[in-house]
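Enquirer: The following file, structure-v5.tsv, comprises TSV, C-alpha atoms (C1' of nucleotides):
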chain	number	residue	atom	x	y	z
G	1	MET	CA	129.52	90.52	49.50
G	2	ARG	CA	126.76	92.15	47.50
G	3	PRO	CA	123.96	90.03	46.16
G	4	LEU	CA	124.20	88.99	42.50
G	5	VAL	CA	122.51	91.36	40.05
G	6	HIS	CA	120.48	89.93	37.16
G	7	PRO	CA	118.70	92.51	35.00
G	8	ALA	CA	115.29	91.79	33.52
G	9	ILE	CA	115.90	90.76	29.94
G	10	GLU	CA	113.78	93.65	28.57
G	11	ASP	CA	116.06	96.11	30.37
G	12	VAL	CA	119.24	94.88	28.71
G	13	PRO	CA	120.45	97.27	26.02
G	14	LEU	CA	121.90	95.78	22.85
G	15	GLU	CA	125.08	97.76	23.45
G	16	ALA	CA	125.69	95.94	26.75
G	17	ILE	CA	125.50	92.59	24.99
G	18	LEU	CA	127.84	93.61	22.18
G	19	HIS	CA	130.24	95.21	24.62
G	20	ALA	CA	130.26	92.08	26.79
G	21	LEU	CA	130.94	89.77	23.85
G	22	GLY	CA	133.36	92.21	22.22
G	23	ASP	CA	136.14	90.80	24.38
G	24	PRO	CA	138.00	87.63	23.35
G	25	THR	CA	138.06	86.16	26.86
G	26	ARG	CA	134.37	86.78	27.46
G	27	VAL	CA	133.11	85.32	24.16
G	28	ALA	CA	135.22	82.27	24.86
G	29	ILE	CA	133.71	81.92	28.36
G	30	TYR	CA	130.20	82.45	27.05
G	31	ALA	CA	130.70	79.94	24.25
G	32	GLY	CA	132.02	77.46	26.81
G	33	ILE	CA	128.98	77.90	29.05
G	34	LEU	CA	126.62	77.44	26.11
G	35	ALA	CA	128.48	74.39	24.85
G	36	SER	CA	128.23	72.46	28.11
G	37	GLU	CA	124.95	70.98	29.26
G	38	LYS	CA	125.50	71.56	32.99
G	39	PRO	CA	126.08	74.96	34.63
G	40	GLN	CA	129.79	75.78	34.87
G	41	SER	CA	131.76	77.24	37.76
G	42	CYS	CA	133.85	80.39	37.18
G	43	ASN	CA	136.95	78.39	37.98
G	44	ALA	CA	136.27	76.09	35.03
G	45	PHE	CA	137.65	78.93	32.89
G	46	ALA	CA	140.73	79.70	34.99
G	47	HIS	CA	142.79	78.66	31.97
G	48	LEU	CA	141.85	79.66	28.43
G	49	ASN	CA	143.90	78.27	25.53
G	50	GLU	CA	146.76	77.46	27.89
G	51	GLN	CA	146.86	80.98	29.38
G	52	PRO	CA	145.99	81.41	33.06
G	53	ILE	CA	143.47	84.17	33.85
G	54	PRO	CA	143.83	85.93	37.20
G	55	LYS	CA	140.92	85.28	39.58
G	56	SER	CA	140.05	88.95	39.93
G	57	THR	CA	139.91	89.38	36.17
G	58	LEU	CA	137.78	86.28	35.82
G	59	SER	CA	135.37	87.55	38.45
G	60	GLU	CA	135.07	90.85	36.62
G	61	HIS	CA	134.37	89.08	33.31
G	62	PHE	CA	131.56	87.05	34.86
G	63	LYS	CA	130.08	90.21	36.34
G	64	VAL	CA	130.01	91.86	32.91
G	65	LEU	CA	128.38	88.80	31.31
G	66	ARG	CA	125.84	88.63	34.13
G	67	GLU	CA	124.91	92.32	33.99
G	68	ALA	CA	124.54	92.11	30.21
G	69	GLY	CA	121.85	89.48	30.75
G	70	LEU	CA	123.93	86.82	29.05
G	71	ILE	CA	124.31	84.45	31.97
G	72	ARG	CA	122.59	83.57	35.22
G	73	SER	CA	124.79	82.88	38.27
G	74	GLU	CA	123.75	81.11	41.45
G	75	ARG	CA	125.92	80.52	44.46
G	76	SER	CA	126.03	76.86	45.39
G	77	GLY	CA	128.20	76.15	48.39
G	78	VAL	CA	131.69	77.36	47.78
G	79	GLU	CA	131.32	77.71	44.06
G	80	MET	CA	129.00	79.26	41.53
G	81	LYS	CA	126.75	77.74	38.91
G	82	ASN	CA	126.73	79.77	35.70
G	83	SER	CA	124.19	79.01	33.01
G	84	SER	CA	123.27	80.90	29.86
G	85	ARG	CA	120.08	82.94	29.45
G	86	CYS	CA	120.08	82.35	25.69
G	87	GLY	CA	116.42	81.34	25.68
G	88	GLU	CA	115.29	84.67	27.11
G	89	LEU	CA	117.69	86.55	24.86
G	90	GLU	CA	116.39	84.74	21.82
G	91	THR	CA	112.89	86.09	22.44
G	92	ARG	CA	114.21	89.61	22.94
G	93	PHE	CA	116.75	89.74	20.11
G	94	PRO	CA	116.01	86.82	17.76
G	95	GLY	CA	119.02	85.33	16.02
G	96	LEU	CA	121.54	87.58	17.74
G	97	VAL	CA	123.27	85.13	20.05
G	98	THR	CA	123.26	82.42	17.41
G	99	ALA	CA	124.88	84.67	14.81
G	100	ILE	CA	127.58	85.82	17.22
G	101	LEU	CA	128.36	82.26	18.31
G	102	ASN	CA	128.49	81.00	14.73
G	103	ALA	CA	130.91	83.81	13.93
G	104	HIS	CA	133.01	82.94	16.97
G	105	LYS	CA	133.09	79.28	16.00
G	106	LYS	CA	134.14	80.08	12.45
G	107	GLN	CA	136.91	82.34	13.68
G	108	LEU	CA	138.19	79.64	16.04
G	109	GLU	CA	138.35	77.15	13.17
G	110	GLU	CA	140.28	79.67	11.07
G	111	GLN	CA	142.79	80.18	13.88
G	112	VAL	CA	143.32	76.43	14.19
G	113	ARG	CA	143.98	76.19	10.45
G	114	VAL	CA	146.47	79.07	10.56
G	115	GLU	CA	148.32	77.54	13.51
G	116	GLN	CA	148.52	74.15	11.82
G	117	ALA	CA	149.94	75.75	8.70
G	118	ALA	CA	152.54	77.61	10.79
G	119	ARG	CA	153.56	74.38	12.52
G	120	ARG	CA	153.97	72.58	9.20
G	121	LYS	CA	156.09	75.43	7.90
G	122	SER	CA	158.40	75.56	10.92
G	123	LYS	CA	158.81	71.76	10.80
G	124	ARG	CA	160.04	71.99	7.22
G	125	GLY	CA	162.56	74.59	8.46
N	1	MET	CA	146.88	113.51	6.89
N	2	ARG	CA	147.45	109.77	6.83
N	3	PRO	CA	145.83	107.65	4.17
N	4	LEU	CA	142.62	105.84	5.13
N	5	VAL	CA	143.11	102.30	6.43
N	6	HIS	CA	140.74	99.53	5.30
N	7	PRO	CA	141.56	96.04	6.56
N	8	ALA	CA	140.99	92.98	4.39
N	9	ILE	CA	137.73	91.46	5.54
N	10	GLU	CA	139.39	88.14	6.45
N	11	ASP	CA	141.69	89.99	8.86
N	12	VAL	CA	138.87	91.55	10.86
N	13	PRO	CA	138.38	89.82	14.23
N	14	LEU	CA	134.84	89.32	15.47
N	15	GLU	CA	135.77	91.21	18.63
N	16	ALA	CA	136.56	94.35	16.64
N	17	ILE	CA	133.10	94.26	15.05
N	18	LEU	CA	131.30	93.74	18.35
N	19	HIS	CA	133.41	96.39	20.03
N	20	ALA	CA	132.69	98.88	17.25
N	21	LEU	CA	128.94	98.27	17.38
N	22	GLY	CA	128.87	98.03	21.18
N	23	ASP	CA	128.62	101.81	21.34
N	24	PRO	CA	125.25	103.55	21.01
N	25	THR	CA	126.55	106.33	18.76
N	26	ARG	CA	128.36	103.96	16.43
N	27	VAL	CA	125.49	101.49	15.93
N	28	ALA	CA	123.27	104.46	15.16
N	29	ILE	CA	125.76	105.76	12.58
N	30	TYR	CA	126.20	102.33	11.05
N	31	ALA	CA	122.45	101.76	10.88
N	32	GLY	CA	122.08	105.16	9.23
N	33	ILE	CA	124.69	104.34	6.58
N	34	LEU	CA	123.04	101.00	5.85
N	35	ALA	CA	119.57	102.52	5.68
N	36	SER	CA	120.46	105.08	3.04
N	37	GLU	CA	121.09	104.08	-0.54
N	38	LYS	CA	123.79	106.63	-1.24
N	39	PRO	CA	127.09	106.92	0.65
N	40	GLN	CA	126.83	109.33	3.57
N	41	SER	CA	129.24	112.03	4.68
N	42	CYS	CA	130.49	112.04	8.29
N	43	ASN	CA	128.79	115.36	8.80
N	44	ALA	CA	125.41	113.79	8.07
N	45	PHE	CA	125.62	112.40	11.62
N	46	ALA	CA	126.72	115.59	13.37
N	47	HIS	CA	123.44	115.45	15.29
N	48	LEU	CA	122.04	112.21	16.64
N	49	ASN	CA	118.61	112.24	18.27
N	50	GLU	CA	118.84	115.99	18.79
N	51	GLN	CA	122.25	115.80	20.48
N	52	PRO	CA	125.25	117.40	18.72
N	53	ILE	CA	128.36	115.22	18.44
N	54	PRO	CA	131.72	117.04	18.46
N	55	LYS	CA	133.61	116.78	15.19
N	56	SER	CA	136.67	115.16	16.74
N	57	THR	CA	134.54	112.48	18.41
N	58	LEU	CA	132.68	111.84	15.18
N	59	SER	CA	135.95	111.45	13.31
N	60	GLU	CA	137.13	108.93	15.90
N	61	HIS	CA	133.89	106.93	15.61
N	62	PHE	CA	134.24	106.69	11.83
N	63	LYS	CA	137.82	105.54	12.26
N	64	VAL	CA	136.69	102.71	14.58
N	65	LEU	CA	133.94	101.62	12.18
N	66	ARG	CA	136.38	101.73	9.27
N	67	GLU	CA	139.10	99.73	11.01
N	68	ALA	CA	136.54	97.13	12.09
N	69	GLY	CA	135.79	96.52	8.41
N	70	LEU	CA	132.23	97.79	8.80
N	71	ILE	CA	132.44	100.74	6.43
N	72	ARG	CA	134.45	101.94	3.47
N	73	SER	CA	135.39	105.63	3.34
N	74	GLU	CA	136.53	107.55	0.29
N	75	ARG	CA	137.53	111.17	0.18
N	76	SER	CA	135.56	113.06	-2.39
N	77	GLY	CA	136.44	116.70	-2.59
N	78	VAL	CA	135.91	118.36	0.75
N	79	GLU	CA	133.82	115.60	2.22
N	80	MET	CA	133.87	111.85	2.64
N	81	LYS	CA	131.70	109.13	1.18
N	82	ASN	CA	131.00	106.38	3.71
N	83	SER	CA	129.37	103.17	2.54
N	84	SER	CA	128.84	99.88	4.31
N	85	ARG	CA	130.84	96.72	3.62
N	86	CYS	CA	127.94	94.52	4.68
N	87	GLY	CA	128.22	92.36	1.58
N	88	GLU	CA	131.78	91.35	2.38
N	89	LEU	CA	130.94	90.90	6.04
N	90	GLU	CA	128.01	88.69	5.17
N	91	THR	CA	130.29	86.23	3.44
N	92	ARG	CA	132.73	86.22	6.37
N	93	PHE	CA	130.21	86.11	9.24
N	94	PRO	CA	126.83	85.12	7.78
N	95	GLY	CA	123.81	86.59	9.53
N	96	LEU	CA	125.83	88.66	12.00
N	97	VAL	CA	125.22	92.16	10.72
N	98	THR	CA	121.57	91.41	9.98
N	99	ALA	CA	120.95	90.09	13.50
N	100	ILE	CA	122.61	93.10	15.11
N	101	LEU	CA	120.68	95.56	12.96
N	102	ASN	CA	117.39	93.81	13.63
N	103	ALA	CA	118.12	94.01	17.34
N	104	HIS	CA	119.01	97.68	17.02
N	105	LYS	CA	115.80	98.39	15.14
N	106	LYS	CA	113.68	96.58	17.70
N	107	GLN	CA	115.34	98.49	20.52
N	108	LEU	CA	114.70	101.81	18.76
N	109	GLU	CA	111.02	100.97	18.38
N	110	GLU	CA	110.83	100.09	22.08
N	111	GLN	CA	112.39	103.42	23.00
N	112	VAL	CA	109.89	105.30	20.87
N	113	ARG	CA	107.02	103.46	22.60
N	114	VAL	CA	108.42	104.25	26.06
N	115	GLU	CA	108.85	107.93	25.18
N	116	GLN	CA	105.34	108.17	23.80
N	117	ALA	CA	103.95	106.62	26.98
N	118	ALA	CA	105.94	109.11	29.07
N	119	ARG	CA	104.60	112.03	27.02
N	120	ARG	CA	101.02	110.83	27.43
N	121	LYS	CA	101.55	110.47	31.17
N	122	SER	CA	103.06	113.96	31.61
N	123	LYS	CA	100.24	115.47	29.54
N	124	ARG	CA	97.67	113.99	31.87
N	125	GLY	CA	99.62	115.59	34.76
Z	1	DT	C1'	143.92	134.55	-2.91
Z	2	DC	C1'	140.47	134.35	0.47
Z	3	DA	C1'	136.49	132.58	2.96
Z	4	DG	C1'	133.88	128.67	4.05
Z	5	DT	C1'	133.25	123.71	4.71
Z	6	DT	C1'	134.68	118.98	5.97
Z	7	DG	C1'	137.29	116.18	8.36
Z	8	DT	C1'	141.95	115.08	11.09
Z	9	DT	C1'	145.41	115.50	14.69
Z	10	DC	C1'	147.04	116.74	19.18
Z	11	DG	C1'	146.93	117.00	24.10
Z	12	DA	C1'	144.74	116.79	28.42
Z	13	DA	C1'	141.13	115.27	31.39
Z	14	DT	C1'	138.39	111.44	32.30
Z	15	DC	C1'	136.91	106.84	32.25
Z	16	DT	C1'	137.59	101.91	31.85
Z	17	DC	C1'	140.23	97.62	32.20
Z	18	DC	C1'	143.53	94.50	34.24
Z	19	DC	C1'	145.60	92.31	38.01
Z	20	DG	C1'	147.91	91.55	42.69
Z	21	DA	C1'	146.77	91.66	47.53
Z	22	DA	C1'	143.65	91.23	50.96
Z	23	DC	C1'	139.22	89.82	51.91
Z	24	DT	C1'	134.49	86.98	52.50
Z	25	DA	C1'	131.99	82.73	52.32
Z	26	DC	C1'	131.56	78.11	52.52
Z	27	DA	C1'	132.92	72.81	53.10
Z	28	DG	C1'	135.08	69.07	55.16
Z	29	DG	C1'	137.93	67.31	58.36
Z	30	DA	C1'	140.49	66.74	63.02
O	1	DT	C1'	134.79	74.27	67.33
O	2	DC	C1'	138.71	75.61	65.00
O	3	DC	C1'	141.59	74.95	61.09
O	4	DT	C1'	142.73	74.43	56.31
O	5	DG	C1'	141.63	74.64	51.65
O	6	DT	C1'	138.87	76.28	47.79
O	7	DA	C1'	135.85	79.62	45.14
O	8	DG	C1'	134.92	83.96	44.29
O	9	DT	C1'	134.78	89.29	45.52
O	10	DT	C1'	136.56	93.83	46.53
O	11	DC	C1'	139.88	97.40	46.46
O	12	DG	C1'	143.40	100.34	44.60
O	13	DG	C1'	146.81	101.70	41.38
O	14	DG	C1'	148.89	101.61	36.86
O	15	DA	C1'	148.11	101.16	31.88
O	16	DG	C1'	145.40	101.99	28.18
O	17	DA	C1'	141.21	103.82	25.84
O	18	DT	C1'	137.65	107.66	25.12
O	19	DT	C1'	136.10	112.20	24.79
O	20	DC	C1'	136.40	116.79	23.19
O	21	DG	C1'	138.24	121.63	22.43
O	22	DA	C1'	141.71	123.92	19.76
O	23	DA	C1'	144.56	124.08	16.03
O	24	DC	C1'	145.38	122.26	11.65
O	25	DA	C1'	145.10	120.32	6.70
O	26	DA	C1'	142.60	119.67	2.33
O	27	DC	C1'	139.55	120.99	-0.78
O	28	DT	C1'	135.79	124.21	-3.33
O	29	DG	C1'	133.94	128.24	-5.17
O	30	DA	C1'	133.91	133.14	-5.45
Just dump the structure as structure tokens.
Expert:
Amino acid sequence: MRPLVHPAIEDVPLEAILHALGDPTRVAIYAGILASEKPQSCNAFAHLNEQPIPKSTLSEHFKVLREAGLIRSERSGVEMKNSSRCGELETRFPGLVTAILNAHKKQLEEQVRVEQAARRKSKRG
Amino acid sequence: MRPLVHPAIEDVPLEAILHALGDPTRVAIYAGILASEKPQSCNAFAHLNEQPIPKSTLSEHFKVLREAGLIRSERSGVEMKNSSRCGELETRFPGLVTAILNAHKKQLEEQVRVEQAARRKSKRG
DNA sequence: TCAGTTGTTCGAATCTCCCGAACTACAGGA
DNA sequence: TCCTGTAGTTCGGGAGATTCGAACAACTGA
């Protein structure tokens, strides 16, 4: 097993960040890590909106987030502690992470509204 | 030739925007369109930092930007007028485009500094 | 009508992404 | 110490996306 790679925050290109968060699963994971106070294990995201994510895929997603400078991962016994590097990123690209997460949150709320409307419609027949 | 497709801004997923701008060529094009007052033709970006971009690739990039709701394209005679939809996007995802473009600008300035330092170094031998 | 310009489409090579199978690494018993 | 279970990684192949040259379409002006 190779050691975990964490780039220096100055070496992270903007494109890597946008590419990493330009995937629905990865924004969701990143938002989840940011939302919780304690570091999260990879396995905490094994299910995302009721869909299971294969372990190998999950591992790959965390690697992308890590190498884009978005998260820091530390092995701790059998599992991994993933925490966000949003503080460092904020100094490098001010406002970027916040804007993306606000957008993500807004989109989630929209989806919930749409689904509720669909349920009401199907209930009426 | 198919007609140009422009999604309604409410139908554009965040992921499409991040994916579109998560490519060095495309952010550069988008930044160029935003920076200029008048709509720009595709051909205006046929060279990007002294590198030629093949026409077919360029056409593909504009298609991605267009279908991510980032730009509006109108045929005008033999060429195309591309303008940004940043106003609409601002109402949907406030602060997003601004944050990304600020980050892009900062990164550009960094690159210029690094290149200047390299030139000074090679001049000294 | 013809030449020149701008951009699109097609197809093939290449690259990337996803996921199952097999693996490593560690913890807590028995 | 060995065994079992859990967390995460690596590998390889198939599916899908990207890139780009060649051929094409659409328009302008001579």
Enquirer: Return as a list of chain:residue names the residues belonging to chain N that are within 8 Å of chain Z, counting all atoms listed in the file.
Expert: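 Those within range of chain Z come out as N:Met1, N:Cys42, N:Asn43, N:Lys55, N:Ser56, N:Ser59, N:Val78, N:Glu79, N:Met80.
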Enquirer: I'd like the interatomic distance between C1' of DG5 in chain O and CA of Gly32 in chain G, to a tenth of an Å.
Expert: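 Computed distance, C1' of DG5 in chain O to CA of Gly32 in chain G, equals 26.8 Å.
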Enquirer: Taking only C-alpha atoms (C1' of nucleotides) into account and nothing else, which residues of chain O lie no more than 12 Å away from chain G? Please answer as an NGL selection string.
Expert: :O and (5-11)
Enquirer: Let me make sure I understand: among G:Leu96, G:Val114, G:Ala20, G:Val27, which one has the smallest atom-to-atom distance to chain N if we use only C-alpha atoms?
Expert: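 Among the listed residues, the smallest separation from chain N belongs to G:Leu96.
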Enquirer: Please, which residues of chain N lie no more than 9 Å from chain G when the count uses only C-alpha atoms, and can they be set out as a PyMOL selection string?
Expert: chain N and resi 13-24+27+92-100+102-104+106-107
Enquirer: Just the selected residues (C-alpha atoms), exported as a compact mmCIF listing (two decimals), in the frame of the given file, please.
Expert:
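Result saved to out_22.txt:
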# COMPACT_ATOMS: atom_id res chain seq x y z
CA PRO N 13 138.38 89.82 14.23
CA LEU N 14 134.84 89.32 15.47
CA GLU N 15 135.77 91.21 18.63
CA ALA N 16 136.56 94.35 16.64
CA ILE N 17 133.10 94.26 15.05
CA LEU N 18 131.30 93.74 18.35
CA HIS N 19 133.41 96.39 20.03
CA ALA N 20 132.69 98.88 17.25
CA LEU N 21 128.94 98.27 17.38
CA GLY N 22 128.87 98.03 21.18
CA ASP N 23 128.62 101.81 21.34
CA PRO N 24 125.25 103.55 21.01
CA VAL N 27 125.49 101.49 15.93
CA ARG N 92 132.73 86.22 6.37
CA PHE N 93 130.21 86.11 9.24
CA PRO N 94 126.83 85.12 7.78
CA GLY N 95 123.81 86.59 9.53
CA LEU N 96 125.83 88.66 12.00
CA VAL N 97 125.22 92.16 10.72
CA THR N 98 121.57 91.41 9.98
CA ALA N 99 120.95 90.09 13.50
CA ILE N 100 122.61 93.10 15.11
CA ASN N 102 117.39 93.81 13.63
CA ALA N 103 118.12 94.01 17.34
CA HIS N 104 119.01 97.68 17.02
CA LYS N 106 113.68 96.58 17.70
CA GLN N 107 115.34 98.49 20.52
Enquirer: For Lys38 in chain N, please output as a list of chain:residue names all residues within 10 Å (counting only C-alpha atoms (C1' of nucleotides); exclusion window: fewer than 4 positions along the same chain).
Expert: N:Ile33, N:Leu34, N:Lys81, N:Asn82, N:Ser83
Enquirer: I'd like the interatomic distance between CA of Ala44 in chain G and CA of Leu108 in chain G, to a tenth of an Å.
Expert: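 About the pair CA of Ala44 in chain G and CA of Leu108 in chain G: they are 19.4 Å apart.
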Enquirer: Rounded to one decimal in Å, what is the spacing between CA of Arg66 in chain N and CA of Ala8 in chain N?
Expert: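 It comes out at 11.0 Å.
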